$ cat structure_12.cif   # mmCIF, C-alpha atoms and all ligand atoms
data_coords
#
loop_
_atom_site.label_atom_id
_atom_site.label_comp_id
_atom_site.auth_asym_id
_atom_site.auth_seq_id
_atom_site.Cartn_x
_atom_site.Cartn_y
_atom_site.Cartn_z
CA MET U 1 0.00 0.00 0.00
CA THR U 2 1.22 3.44 -0.86
CA ASP U 3 1.64 5.87 1.96
CA ARG U 4 -0.32 8.62 0.28
CA ARG U 5 0.11 12.14 1.50
CA LEU U 6 -3.48 13.28 1.62
CA ASN U 7 -4.75 16.45 3.25
CA ARG U 8 -7.88 18.50 3.56
CA THR U 9 -7.76 19.58 -0.13
CA HIS U 10 -8.36 15.96 -1.23
CA ARG U 11 -11.52 15.37 0.80
CA ALA U 12 -14.32 13.94 -1.34
CA ASP U 13 -16.98 15.88 0.61
CA LEU U 14 -15.52 19.34 -0.19
CA ARG U 15 -17.87 21.55 -2.16
CA SER U 16 -17.36 24.96 -3.71
CA PHE U 17 -19.76 27.90 -3.79
CA VAL U 18 -18.88 28.04 -7.51
CA PRO U 19 -21.21 25.64 -9.35
CA VAL U 20 -19.39 22.52 -10.58
CA PRO U 21 -21.26 20.19 -12.99
CA ALA U 22 -21.19 16.51 -11.94
CA ASP U 23 -18.89 15.37 -14.76
CA SER U 24 -16.61 18.42 -14.57
CA HIS U 25 -12.85 17.92 -14.86
CA PHE U 26 -12.31 20.81 -12.47
CA PRO U 27 -13.96 20.19 -9.09
CA ILE U 28 -12.55 21.85 -5.96
CA GLN U 29 -10.31 18.79 -5.41
CA ASN U 30 -8.41 19.50 -8.67
CA LEU U 31 -7.44 23.21 -8.79
CA PRO U 32 -5.17 23.09 -11.88
CA PHE U 33 -3.03 26.13 -12.71
CA GLY U 34 -2.97 27.91 -16.06
CA VAL U 35 -2.34 31.25 -17.76
CA PHE U 36 -5.07 33.28 -19.44
CA ARG U 37 -6.13 36.65 -20.81
CA PRO U 38 -9.46 37.88 -19.43
CA ARG U 39 -10.21 39.45 -22.83
CA ALA U 40 -8.49 40.04 -26.14
CA GLY U 41 -5.63 42.47 -25.78
CA SER U 42 -5.39 42.28 -21.99
CA SER U 43 -2.27 40.98 -20.29
CA GLY U 44 -1.83 37.36 -19.26
CA ARG U 45 -2.10 36.26 -15.66
CA VAL U 46 -2.24 33.04 -13.65
CA GLY U 47 -5.54 31.38 -12.82
CA VAL U 48 -7.04 28.22 -11.37
CA ALA U 49 -9.89 26.36 -13.07
CA ILE U 50 -12.98 25.67 -10.96
CA GLY U 51 -16.04 24.15 -12.66
CA GLU U 52 -16.77 26.35 -15.66
CA HIS U 53 -14.93 29.35 -14.21
CA VAL U 54 -11.39 30.55 -13.77
CA LEU U 55 -10.22 32.13 -10.54
CA ASP U 56 -7.87 35.01 -11.36
CA LEU U 57 -5.05 34.56 -8.85
CA SER U 58 -3.61 37.97 -9.65
CA VAL U 59 -6.80 39.59 -8.32
CA ILE U 60 -6.80 37.37 -5.23
CA GLU U 61 -3.13 38.11 -4.61
CA GLN U 62 -3.60 41.86 -5.05
CA ALA U 63 -6.48 41.80 -2.57
CA GLY U 64 -4.12 40.32 0.02
CA LEU U 65 -6.02 37.04 0.24
CA LEU U 66 -2.90 34.91 -0.29
CA SER U 67 -0.90 36.40 2.58
CA SER U 68 -1.68 33.40 4.78
CA ALA U 69 0.02 31.26 2.09
CA GLY U 70 3.21 33.21 2.72
CA LEU U 71 2.94 35.34 -0.42
CA ALA U 72 2.24 38.76 1.11
CA GLY U 73 3.38 41.63 -1.08
CA SER U 74 4.53 39.50 -3.99
CA SER U 75 3.19 39.63 -7.53
CA LEU U 76 3.74 36.05 -8.45
CA PHE U 77 0.55 35.67 -10.46
CA ARG U 78 0.37 38.97 -12.29
CA GLN U 79 2.37 37.62 -15.20
CA ALA U 80 1.86 35.49 -18.26
CA SER U 81 3.77 32.43 -17.11
CA LEU U 82 3.86 29.99 -14.23
CA ASN U 83 7.68 29.79 -14.23
CA PRO U 84 8.26 31.93 -11.08
CA PHE U 85 5.64 29.92 -9.15
CA MET U 86 7.01 26.62 -10.49
CA ALA U 87 10.48 27.64 -9.26
CA LEU U 88 9.30 27.92 -5.63
CA GLY U 89 8.85 24.20 -5.02
CA PRO U 90 6.36 21.87 -3.30
CA SER U 91 5.78 23.68 -0.01
CA ALA U 92 4.77 26.93 -1.77
CA TRP U 93 2.62 25.02 -4.29
CA SER U 94 0.95 23.22 -1.45
CA SER U 95 0.21 26.32 0.64
CA VAL U 96 -1.29 28.17 -2.33
CA ARG U 97 -3.41 25.11 -3.15
CA ALA U 98 -4.60 24.87 0.46
CA ARG U 99 -5.48 28.58 0.55
CA VAL U 100 -7.29 28.53 -2.81
CA SER U 101 -9.20 25.42 -1.72
CA GLU U 102 -10.24 27.24 1.47
CA LEU U 103 -11.29 30.42 -0.39
CA LEU U 104 -13.48 28.45 -2.81
CA ARG U 105 -15.26 26.34 -0.20
CA GLU U 106 -19.03 26.71 0.05
CA ASP U 107 -18.87 27.44 3.79
CA GLU U 108 -16.10 30.06 3.56
CA PRO U 109 -17.51 33.60 3.24
CA THR U 110 -14.29 35.58 2.51
CA LEU U 111 -14.57 35.40 -1.28
CA ARG U 112 -18.10 34.02 -1.57
CA ASP U 113 -19.63 37.12 0.02
CA ALA U 114 -17.17 39.65 -1.38
CA GLY U 115 -19.48 40.98 -4.14
CA VAL U 116 -17.39 43.14 -6.46
CA LEU U 117 -14.14 41.35 -5.68
CA ARG U 118 -15.74 37.98 -6.35
CA ASP U 119 -17.04 39.16 -9.71
CA ARG U 120 -13.60 40.47 -10.66
CA ALA U 121 -11.88 37.28 -9.57
CA LEU U 122 -14.21 34.64 -11.00
CA LEU U 123 -14.62 34.72 -14.77
CA PRO U 124 -16.53 32.31 -17.02
CA LEU U 125 -14.03 30.04 -18.77
CA ARG U 126 -15.86 30.53 -22.06
CA GLY U 127 -14.95 34.18 -22.19
CA VAL U 128 -11.20 33.97 -21.52
CA GLU U 129 -8.29 33.18 -23.80
CA LEU U 130 -6.15 30.32 -22.51
CA MET U 131 -2.42 30.60 -23.17
CA LEU U 132 0.64 28.39 -22.80
CA PRO U 133 1.05 27.86 -19.04
CA ALA U 134 4.81 28.41 -19.02
CA GLU U 135 7.73 29.81 -20.93
CA ILE U 136 9.19 26.49 -21.97
CA GLY U 137 12.95 26.78 -22.18
CA ASP U 138 13.67 23.19 -23.09
CA TYR U 139 11.55 20.29 -24.22
CA THR U 140 12.49 16.62 -24.09
CA ASP U 141 10.46 13.73 -25.48
CA PHE U 142 10.87 10.30 -23.91
CA TYR U 143 9.92 6.93 -25.42
CA SER U 144 8.68 5.26 -22.26
CA SER U 145 5.79 3.04 -23.35
CA ARG U 146 6.95 -0.53 -23.86
CA HIS U 147 3.92 -1.43 -25.98
CA HIS U 148 4.54 1.55 -28.25
CA ALA U 149 8.25 0.84 -28.59
CA PHE U 150 7.53 -2.83 -29.24
CA ASN U 151 4.85 -2.17 -31.85
CA VAL U 152 6.90 0.39 -33.76
CA GLY U 153 10.04 -1.76 -33.50
CA SER U 154 8.09 -4.78 -34.78
CA MET U 155 6.91 -2.84 -37.82
CA PHE U 156 10.39 -1.76 -38.81
CA ARG U 157 12.65 -4.57 -37.55
CA GLY U 158 10.35 -7.52 -36.78
CA PRO U 159 9.17 -8.72 -33.34
CA ASP U 160 12.47 -10.46 -32.50
CA ASN U 161 14.44 -7.22 -32.65
CA ALA U 162 11.62 -4.86 -31.73
CA LEU U 163 13.15 -3.45 -28.54
CA MET U 164 16.69 -2.12 -28.82
CA PRO U 165 19.02 -3.64 -26.16
CA ASN U 166 19.22 -0.35 -24.22
CA TRP U 167 15.45 0.09 -23.93
CA VAL U 168 14.86 -1.94 -20.76
CA HIS U 169 17.85 -0.32 -19.05
CA LEU U 170 17.25 3.39 -19.58
CA PRO U 171 14.42 5.79 -20.47
CA VAL U 172 15.24 6.54 -24.12
CA ALA U 173 14.58 10.15 -25.20
CA TYR U 174 15.56 12.89 -27.63
CA HIS U 175 15.88 16.63 -27.15
CA GLY U 176 12.85 18.27 -28.78
CA ARG U 177 12.00 21.77 -29.93
CA ALA U 178 10.43 24.15 -27.37
CA SER U 179 9.71 27.04 -29.76
CA SER U 180 6.96 25.20 -31.65
CA ILE U 181 4.97 24.06 -28.61
CA VAL U 182 1.45 25.49 -28.92
CA VAL U 183 -1.56 25.57 -26.63
CA SER U 184 -4.67 23.49 -27.29
CA GLY U 185 -6.92 25.08 -29.92
CA THR U 186 -4.05 26.21 -32.13
CA SER U 187 -4.28 24.84 -35.67
CA VAL U 188 -1.27 23.14 -37.21
CA HIS U 189 -0.23 23.13 -40.88
CA ARG U 190 0.74 19.90 -42.58
CA PRO U 191 4.52 20.13 -42.78
CA LYS U 192 6.55 19.92 -45.96
CA GLY U 193 9.84 18.14 -46.15
CA GLN U 194 12.11 15.57 -47.70
CA THR U 195 11.00 11.96 -48.05
CA MET U 196 12.17 8.91 -49.97
CA PRO U 197 9.18 7.32 -51.71
CA GLU U 198 9.07 3.52 -51.84
CA GLY U 199 11.17 2.28 -54.77
CA ALA U 200 12.46 5.75 -55.74
CA SER U 201 16.16 6.44 -56.31
CA ARG U 202 16.07 10.11 -55.27
CA PRO U 203 14.24 11.82 -52.41
CA VAL U 204 11.46 14.33 -53.08
CA TYR U 205 10.39 17.56 -51.39
CA SER U 206 6.61 17.76 -50.85
CA PRO U 207 3.90 18.05 -48.20
CA SER U 208 4.05 15.11 -45.81
CA ARG U 209 1.54 12.42 -46.79
CA LEU U 210 1.63 10.60 -43.45
CA VAL U 211 0.78 13.07 -40.68
CA ASP U 212 0.02 11.40 -37.35
CA TYR U 213 -0.67 12.39 -33.75
CA GLU U 214 0.98 10.89 -30.66
CA LEU U 215 -0.96 10.60 -27.39
CA GLU U 216 1.43 11.63 -24.62
CA MET U 217 1.48 13.34 -21.27
CA GLY U 218 4.19 15.69 -20.11
CA PHE U 219 5.43 17.07 -16.80
CA PHE U 220 6.63 20.56 -16.02
CA VAL U 221 9.87 20.92 -14.09
CA GLY U 222 9.64 22.98 -10.89
CA PRO U 223 12.90 23.87 -9.15
CA GLY U 224 15.85 23.00 -11.35
CA ASN U 225 19.35 21.76 -10.53
CA GLU U 226 22.83 23.21 -10.85
CA LEU U 227 24.84 22.18 -13.89
CA GLY U 228 26.88 19.16 -12.78
CA SER U 229 24.55 18.14 -9.91
CA PRO U 230 22.10 15.39 -10.89
CA ILE U 231 18.62 15.17 -9.34
CA PRO U 232 18.48 11.88 -7.40
CA VAL U 233 15.55 9.62 -8.19
CA GLU U 234 14.32 9.61 -4.55
CA GLY U 235 13.77 13.36 -4.48
CA ALA U 236 12.78 13.80 -8.12
CA ALA U 237 9.07 14.31 -7.41
CA ASN U 238 9.95 17.52 -5.52
CA HIS U 239 11.16 18.93 -8.85
CA ILE U 240 7.92 18.12 -10.72
CA PHE U 241 5.13 20.71 -10.70
CA GLY U 242 2.42 18.86 -12.57
CA LEU U 243 1.18 17.18 -15.74
CA VAL U 244 -0.50 18.18 -19.01
CA LEU U 245 -1.79 16.32 -22.08
CA VAL U 246 0.60 16.38 -25.05
CA ASN U 247 0.01 15.74 -28.76
CA ASP U 248 3.41 15.18 -30.36
CA TRP U 249 2.37 15.63 -34.01
CA SER U 250 4.55 13.48 -36.27
CA ALA U 251 5.20 13.28 -40.02
CA ARG U 252 5.91 9.56 -40.46
CA ASP U 253 7.27 9.71 -44.02
CA ILE U 254 9.73 12.49 -43.10
CA GLN U 255 10.63 10.62 -39.91
CA LYS U 256 11.34 7.34 -41.71
CA TRP U 257 13.84 8.96 -44.08
CA GLU U 258 15.58 11.34 -41.66
CA TYR U 259 15.79 9.49 -38.35
CA GLN U 260 18.94 7.42 -38.74
CA PRO U 261 21.32 7.66 -36.97
CA LEU U 262 20.46 10.58 -34.67
CA GLY U 263 16.69 10.27 -34.20
CA PRO U 264 13.69 12.44 -35.09
CA PHE U 265 14.25 16.02 -36.25
CA LEU U 266 11.95 17.87 -38.69
CA SER U 267 9.29 15.16 -38.50
CA LYS U 268 8.56 16.35 -34.95
CA ASN U 269 9.58 19.98 -34.73
CA PHE U 270 6.74 21.57 -36.71
CA ALA U 271 4.35 21.53 -33.73
CA THR U 272 3.61 19.99 -30.35
CA SER U 273 0.24 20.75 -28.71
CA ILE U 274 -0.37 20.80 -24.95
CA SER U 275 -3.45 21.23 -22.77
CA PRO U 276 -3.63 24.58 -20.96
CA TRP U 277 -4.27 23.43 -17.36
CA VAL U 278 -1.40 21.98 -15.34
CA VAL U 279 -2.71 19.40 -12.86
CA THR U 280 -0.37 19.28 -9.87
CA LEU U 281 1.13 16.08 -8.50
CA GLU U 282 -0.59 16.97 -5.23
CA ALA U 283 -4.02 16.87 -6.92
CA LEU U 284 -3.07 13.49 -8.43
CA GLU U 285 -1.81 12.04 -5.14
CA PRO U 286 -4.99 9.95 -4.52
CA PHE U 287 -4.42 8.30 -7.91
CA ARG U 288 -0.78 7.33 -7.50
CA CYS U 289 -0.36 3.64 -8.38
CA ALA U 290 2.15 1.01 -9.42
CA GLY U 291 3.48 0.99 -12.97
CA PRO U 292 4.51 -2.18 -14.84
CA VAL U 293 7.00 -4.50 -13.14
CA GLN U 294 10.52 -3.59 -14.27
CA ASP U 295 12.54 -6.61 -15.31
CA PRO U 296 15.54 -6.51 -15.51
CA GLU U 297 15.94 -4.43 -12.40
CA PRO U 298 17.16 -0.92 -13.29
CA LEU U 299 20.57 0.32 -12.17
CA ASP U 300 20.65 1.88 -8.69
CA TYR U 301 20.40 5.48 -9.90
CA LEU U 302 17.04 4.55 -11.53
CA ALA U 303 15.69 2.41 -8.69
CA SER U 304 12.22 3.72 -7.88
CA PRO U 305 10.48 1.40 -5.44
CA GLY U 306 6.89 2.12 -4.44
CA GLU U 307 4.00 3.35 -6.49
CA TRP U 308 5.10 6.14 -8.80
CA SER U 309 2.74 5.96 -11.71
CA TYR U 310 -0.73 7.51 -11.88
CA ASP U 311 -4.09 6.04 -12.83
CA ILE U 312 -5.17 8.47 -15.56
CA LYS U 313 -7.60 7.37 -18.25
CA LEU U 314 -6.76 8.78 -21.67
CA GLU U 315 -8.91 9.11 -24.77
CA VAL U 316 -8.27 10.28 -28.31
CA TRP U 317 -11.13 11.50 -30.50
CA LEU U 318 -11.23 12.45 -34.17
CA GLU U 319 -13.46 15.12 -35.73
CA THR U 320 -13.72 15.31 -39.52
CA HIS U 321 -15.73 17.52 -41.87
CA GLY U 322 -17.98 14.58 -42.74
CA LEU U 323 -18.63 13.15 -39.26
CA GLU U 324 -21.67 14.27 -37.26
CA GLN U 325 -20.20 13.06 -33.96
CA PRO U 326 -16.52 12.73 -33.06
CA HIS U 327 -15.10 9.21 -33.40
CA ARG U 328 -13.20 7.70 -30.47
CA LEU U 329 -9.87 6.40 -31.74
CA SER U 330 -8.48 4.95 -28.51
CA LEU U 331 -8.83 4.55 -24.75
CA GLY U 332 -5.67 4.01 -22.71
CA ASN U 333 -4.08 4.72 -19.37
CA PHE U 334 -1.01 6.68 -18.22
CA ASN U 335 -0.07 3.79 -15.90
CA ASP U 336 0.94 1.74 -18.95
CA LEU U 337 4.21 3.71 -19.07
CA TYR U 338 7.19 1.51 -18.21
CA TRP U 339 9.47 4.32 -17.01
CA ASN U 340 7.96 6.70 -14.44
CA VAL U 341 8.39 10.46 -14.13
CA ARG U 342 10.94 10.19 -11.29
CA GLN U 343 13.10 7.87 -13.37
CA GLN U 344 12.83 10.13 -16.41
CA LEU U 345 14.01 13.19 -14.49
CA ALA U 346 16.79 11.31 -12.66
CA HIS U 347 18.03 9.87 -15.94
CA HIS U 348 17.83 13.22 -17.73
CA THR U 349 20.12 14.84 -15.16
CA ILE U 350 22.48 11.93 -14.34
CA SER U 351 25.02 13.35 -16.79
CA GLY U 352 24.96 16.62 -14.85
CA CYS U 353 22.56 18.22 -17.34
CA ASN U 354 20.70 21.09 -15.67
CA VAL U 355 16.94 21.46 -16.01
CA ARG U 356 15.08 24.69 -15.31
CA PRO U 357 11.62 25.73 -14.08
CA GLY U 358 9.13 25.44 -16.94
CA ASP U 359 11.02 22.78 -18.88
CA LEU U 360 8.65 20.22 -20.39
CA MET U 361 9.32 16.47 -20.37
CA ALA U 362 6.92 14.40 -22.48
CA SER U 363 6.35 10.69 -21.92
CA GLY U 364 6.46 9.37 -25.45
CA THR U 365 3.41 7.82 -27.10
CA ILE U 366 1.33 5.98 -24.52
CA SER U 367 0.06 2.62 -25.79
CA GLY U 368 -1.32 -0.29 -23.81
CA ALA U 369 -1.46 -4.00 -24.59
CA ALA U 370 -4.91 -3.84 -26.20
CA LYS U 371 -5.27 -2.68 -29.79
CA SER U 372 -7.93 -0.21 -28.61
CA SER U 373 -5.32 1.51 -26.44
CA ARG U 374 -2.72 2.23 -29.13
CA GLY U 375 -1.70 5.88 -28.92
CA CYS U 376 -1.11 6.88 -32.57
CA LEU U 377 -2.40 6.07 -36.06
CA LEU U 378 0.89 4.42 -37.06
CA GLU U 379 0.07 1.66 -34.56
CA LEU U 380 -3.75 1.73 -34.84
CA THR U 381 -3.63 1.23 -38.63
CA TRP U 382 -0.37 -0.74 -38.53
CA ARG U 383 1.46 1.65 -40.91
CA GLY U 384 -1.72 2.20 -42.91
CA THR U 385 -2.29 -1.49 -43.69
CA GLU U 386 -5.44 -1.67 -41.51
CA PRO U 387 -7.39 1.55 -42.15
CA ILE U 388 -9.87 2.84 -39.58
CA GLU U 389 -13.50 2.85 -40.71
CA LEU U 390 -15.52 5.87 -39.59
CA SER U 391 -19.31 5.78 -39.12
CA ASN U 392 -19.98 7.79 -42.30
CA GLY U 393 -17.99 5.41 -44.51
CA GLU U 394 -14.79 7.50 -44.51
CA GLN U 395 -11.49 5.73 -43.89
CA ARG U 396 -8.32 6.96 -42.25
CA LYS U 397 -4.79 5.56 -42.51
CA PHE U 398 -3.25 8.86 -41.41
CA LEU U 399 -4.72 12.34 -40.82
CA ALA U 400 -6.49 14.25 -43.59
CA ASP U 401 -6.51 18.04 -43.98
CA GLY U 402 -9.29 19.48 -41.84
CA ASP U 403 -9.18 16.67 -39.26
CA THR U 404 -9.22 17.69 -35.60
CA VAL U 405 -7.53 15.52 -32.97
CA ILE U 406 -8.88 15.82 -29.42
CA MET U 407 -7.13 14.24 -26.45
CA THR U 408 -8.62 14.12 -22.99
CA GLY U 409 -7.74 12.48 -19.69
CA TRP U 410 -8.97 12.15 -16.13
CA SER U 411 -8.60 10.29 -12.87
CA GLU U 412 -11.75 9.28 -11.08
CA ALA U 413 -12.65 8.10 -7.58
CA ASN U 414 -14.91 8.89 -4.64
CA GLY U 415 -17.43 10.62 -6.88
CA TYR U 416 -15.14 13.23 -8.40
CA ARG U 417 -12.88 13.57 -11.41
CA ILE U 418 -9.43 15.10 -11.52
CA GLY U 419 -9.40 15.99 -15.21
CA PHE U 420 -7.01 17.57 -17.68
CA GLY U 421 -9.64 19.18 -19.91
CA GLU U 422 -8.64 18.69 -23.50
CA CYS U 423 -5.78 19.07 -25.93
CA ARG U 424 -7.27 19.90 -29.33
CA GLY U 425 -5.65 20.69 -32.64
CA LYS U 426 -6.83 20.93 -36.25
CA LEU U 427 -4.63 19.89 -39.14
CA LEU U 428 -4.65 22.52 -41.91
CA PRO U 429 -3.34 22.00 -45.46
CA ALA U 430 0.35 22.59 -46.13
CA GLN U 431 1.21 26.26 -46.59
CA LEU U 432 2.05 27.36 -50.13
MN MN U 501 6.68 11.51 -29.27
#
$ encode --input "structure_12.cif" --output "structure tokens" --more "lines below"
Ligand code: MN
Amino acid sequence: MTDRRLNRTHRADLRSFVPVPADSHFPIQNLPFGVFRPRAGSSGRVGVAIGEHVLDLSVIEQAGLLSSAGLAGSSLFRQASLNPFMALGPSAWSSVRARVSELLREDEPTLRDAGVLRDRALLPLRGVELMLPAEIGDYTDFYSSRHHAFNVGSMFRGPDNALMPNWVHLPVAYHGRASSIVVSGTSVHRPKGQTMPEGASRPVYSPSRLVDYELEMGFFVGPGNELGSPIPVEGAANHIFGLVLVNDWSARDIQKWEYQPLGPFLSKNFATSISPWVVTLEALEPFRCAGPVQDPEPLDYLASPGEWSYDIKLEVWLETHGLEQPHRLSLGNFNDLYWNVRQQLAHHTISGCNVRPGDLMASGTISGAAKSSRGCLLELTWRGTEPIELSNGEQRKFLADGDTVIMTGWSEANGYRIGFGECRGKLLPAQL
């Protein structure tokens, strides 16, 4: 049994004076952090999602209501990024969460009965513009799902050589591109690039024909480490602020031609979409669970006994011009990941590499054992050999122009959901 660190903010019987629909991803037990503009042209600030509203923390802070959380006189939330808050570490995150939870409770009059202040601080989510939650300095993409690595390896090298010899000993990753990370709702153009068509003797330059999504989750780094001083696996969770949904858009034909010997490059750097609300590890604490058994046993610096995965259900949906209702492509779970977030961060820094607040570390495509839980079209259609049939008779091997990919995820227990909202992106035609 895990020794879970639960506190008052996790109680299932907590209720907010802000209405929260029964199936909401954002009950008072969640309190995810994000960055938003109240209206077009206004400046970004930090907020917390509650039901169908956002609580503007810059207003709460300015009114002095966060002084009991040790933040008197600061202006931590009157800015368009979470980086300064992420840098403070778990005890500050926890005291702000506790204070926000208290202020939103149905039996707490401070904000509930504050009239004008309450109306300034609580804004309908529909009316605000959600932004990237952090200034992301560096982005790394892992490859931590064994089922995904096995499936893709089987396609290209056969099942006997599917997993490379290093895979079960270290969390494989590549350094990604932070500049092209976009927030959910941003459309993405089909990339152009160099590919080698089957049977051709020379490569061609054209729009990618095989655009795919990858279902992933990512964590934001909180306090970083000094160059040369690795983050030990035991304390790694103290450096992790929270999780978001990630769509690591991929151009499979570009990837196939370019990836050897150094790994993906242009096939991945044209866009990566993330969900706007960062769900803290503290909010996810009730859902901490065991990941897959690790055999062979990892080296000591990666040893992570105990339950360090999370039970998070994940869905991918497809919207097309011709479909009346979105089509569910897959249903999986974050706890299928072989390497956990502590191991990823410990491994990333074992060389002495420094990470910084706001860095994003994505999991790699999350696939489970069942076909219905495969996290990308490459696997679901087995390289296009088994097309997906949609209800209106359309087929998909890879994404078509105009398709929208929607990812969502949530943990559920005790009558409430800790949800991630959605990560949505539309694929537009290649630019001329
Ligand atoms: Mn990926």
$ closest_residue --input "structure_12.cif" --among "U:Ile240, U:Ala369, U:Ile60, U:Val172" --to "ligand MN 501 (chain U)" --atoms "only C-alpha atoms and all ligand atoms"
U:Val172
$ closest_residue --input "structure_12.cif" --among "U:Ser372, U:Ser67, U:Thr140, U:Ser16" --to "ligand MN 501 (chain U)" --atoms "all atoms listed in the file"
U:Thr140
$ residues_near_point --input "structure_12.cif" --point "(-8.7, 4.9, -39.3)" --cutoff "9 Å" --atoms "all atoms listed in the file" --output "list in words"
Leu329, Leu377, Leu380, Thr381, Gly384, Glu386, Pro387, Ile388, Glu389, Leu390, Glu394, Gln395, Arg396, Lys397, Phe398 and Leu399 of chain U
$ atom_distance --input "structure_12.cif" --atom1 "CA of Gly375 (chain U)" --atom2 "CA of Leu314 (chain U)"
9.3 Å
$ residues_near_ligand --input "structure_12.cif" --ligand "ligand MN 501 (chain U)" --cutoff "8 Å" --atoms "only C-alpha atoms and all ligand atoms" --output "VMD selection string"
chain U and resid 141 to 143 214 to 216 247 to 250 268 362 to 365
$ closest_residue --input "structure_12.cif" --among "U:Glu234, U:Glu106, U:Glu52, U:Asp311" --to "Asp336 (chain U)" --atoms "all atoms listed in the file"
U:Asp311
$ atom_distance --input "structure_12.cif" --atom1 "CA of Arg417 (chain U)" --atom2 "CA of Gly47 (chain U)"
19.3 Å
$ residues_around --input "structure_12.cif" --residues "Val128 (chain U)" --least-positions-apart "4" --cutoff "9 Å" --atoms "only C-alpha atoms" --output "mmCIF file with C-alpha atoms, in the coordinates of the input"
data_model
loop_
_atom_site.group_PDB
_atom_site.id
_atom_site.type_symbol
_atom_site.label_atom_id
_atom_site.label_comp_id
_atom_site.auth_asym_id
_atom_site.auth_seq_id
_atom_site.Cartn_x
_atom_site.Cartn_y
_atom_site.Cartn_z
ATOM 1 C CA PHE U 36 -5.070 33.280 -19.440
ATOM 2 C CA ARG U 37 -6.130 36.650 -20.810
ATOM 3 C CA PRO U 38 -9.460 37.880 -19.430
ATOM 4 C CA ARG U 39 -10.210 39.450 -22.830
ATOM 5 C CA ALA U 40 -8.490 40.040 -26.140
ATOM 6 C CA VAL U 54 -11.390 30.550 -13.770
ATOM 7 C CA LEU U 123 -14.620 34.720 -14.770
ATOM 8 C CA PRO U 124 -16.530 32.310 -17.020
#
$ atom_distance --input "structure_12.cif" --atom1 "CA of Leu302 (chain U)" --atom2 "CA of His347 (chain U)"
7.0 Å
$ residues_around --input "structure_12.cif" --residues "region 196-207 of chain U" --least-positions-apart "5" --cutoff "8 Å" --atoms "only C-alpha atoms" --output "MDAnalysis selection string"
chainID U and resid 190:191 253 257 430
$ closest_residue --input "structure_12.cif" --among "U:Ala80, U:Ile181, U:Ile350, U:Leu245" --to "Ser275 (chain U)" --atoms "all atoms listed in the file"
U:Leu245
$ closest_residue --input "structure_12.cif" --among "U:Trp167, U:Phe77, U:Phe26, U:Phe156" --to "Gly51 (chain U)" --atoms "all atoms listed in the file"
U:Phe26
$ closest_residue --input "structure_12.cif" --among "U:Val100, U:Ala303, U:Ile366, U:Ile50" --to "Ser330 (chain U)" --atoms "all atoms listed in the file"
U:Ile366
$ residues_around --input "structure_12.cif" --residues "Asp119 (chain U)" --least-positions-apart "4" --cutoff "12 Å" --atoms "only C-alpha atoms" --output "PDB file with C-alpha atoms, in the frame of the given file"
ATOM      1  CA  VAL U  18     -18.880  28.040  -7.510  1.00  0.00           C
ATOM      2  CA  HIS U  53     -14.930  29.350 -14.210  1.00  0.00           C
ATOM      3  CA  VAL U  54     -11.390  30.550 -13.770  1.00  0.00           C
ATOM      4  CA  LEU U  55     -10.220  32.130 -10.540  1.00  0.00           C
ATOM      5  CA  ASP U  56      -7.870  35.010 -11.360  1.00  0.00           C
ATOM      6  CA  VAL U  59      -6.800  39.590  -8.320  1.00  0.00           C
ATOM      7  CA  ILE U  60      -6.800  37.370  -5.230  1.00  0.00           C
ATOM      8  CA  LEU U 111     -14.570  35.400  -1.280  1.00  0.00           C
ATOM      9  CA  ARG U 112     -18.100  34.020  -1.570  1.00  0.00           C
ATOM     10  CA  ASP U 113     -19.630  37.120   0.020  1.00  0.00           C
ATOM     11  CA  ALA U 114     -17.170  39.650  -1.380  1.00  0.00           C
ATOM     12  CA  GLY U 115     -19.480  40.980  -4.140  1.00  0.00           C
ATOM     13  CA  LEU U 123     -14.620  34.720 -14.770  1.00  0.00           C
ATOM     14  CA  PRO U 124     -16.530  32.310 -17.020  1.00  0.00           C
TER      15      PRO U 124
END
$ residues_around --input "structure_12.cif" --residues "Asn335 (chain U)" --least-positions-apart "5" --cutoff "10 Å" --atoms "only C-alpha atoms" --output "PyMOL selection string"
chain U and resi 145+288-292+308-313+340+366-368
$ build_atoms --input "structure_12.cif" --residues "region 159-163 of chain U" --atoms "N, CA, C and O atoms" --output "compact mmCIF listing (two decimals), in the coordinates of the input"
# COMPACT_ATOMS: atom_id res chain seq x y z
N PRO U 159 9.39 -8.58 -34.79
CA PRO U 159 9.17 -8.72 -33.34
C PRO U 159 10.41 -9.20 -32.57
O PRO U 159 10.56 -8.88 -31.39
N ASP U 160 11.31 -9.94 -33.24
CA ASP U 160 12.47 -10.46 -32.50
C ASP U 160 13.47 -9.37 -32.12
O ASP U 160 14.20 -9.50 -31.15
N ASN U 161 13.51 -8.32 -32.93
CA ASN U 161 14.44 -7.22 -32.65
C ASN U 161 13.70 -5.92 -32.33
O ASN U 161 14.23 -4.83 -32.53
N ALA U 162 12.46 -6.05 -31.87
CA ALA U 162 11.62 -4.86 -31.73
C ALA U 162 12.21 -3.86 -30.73
O ALA U 162 12.31 -2.66 -31.02
N LEU U 163 12.57 -4.35 -29.54
CA LEU U 163 13.15 -3.45 -28.54
C LEU U 163 14.67 -3.43 -28.70
O LEU U 163 15.31 -4.48 -28.72
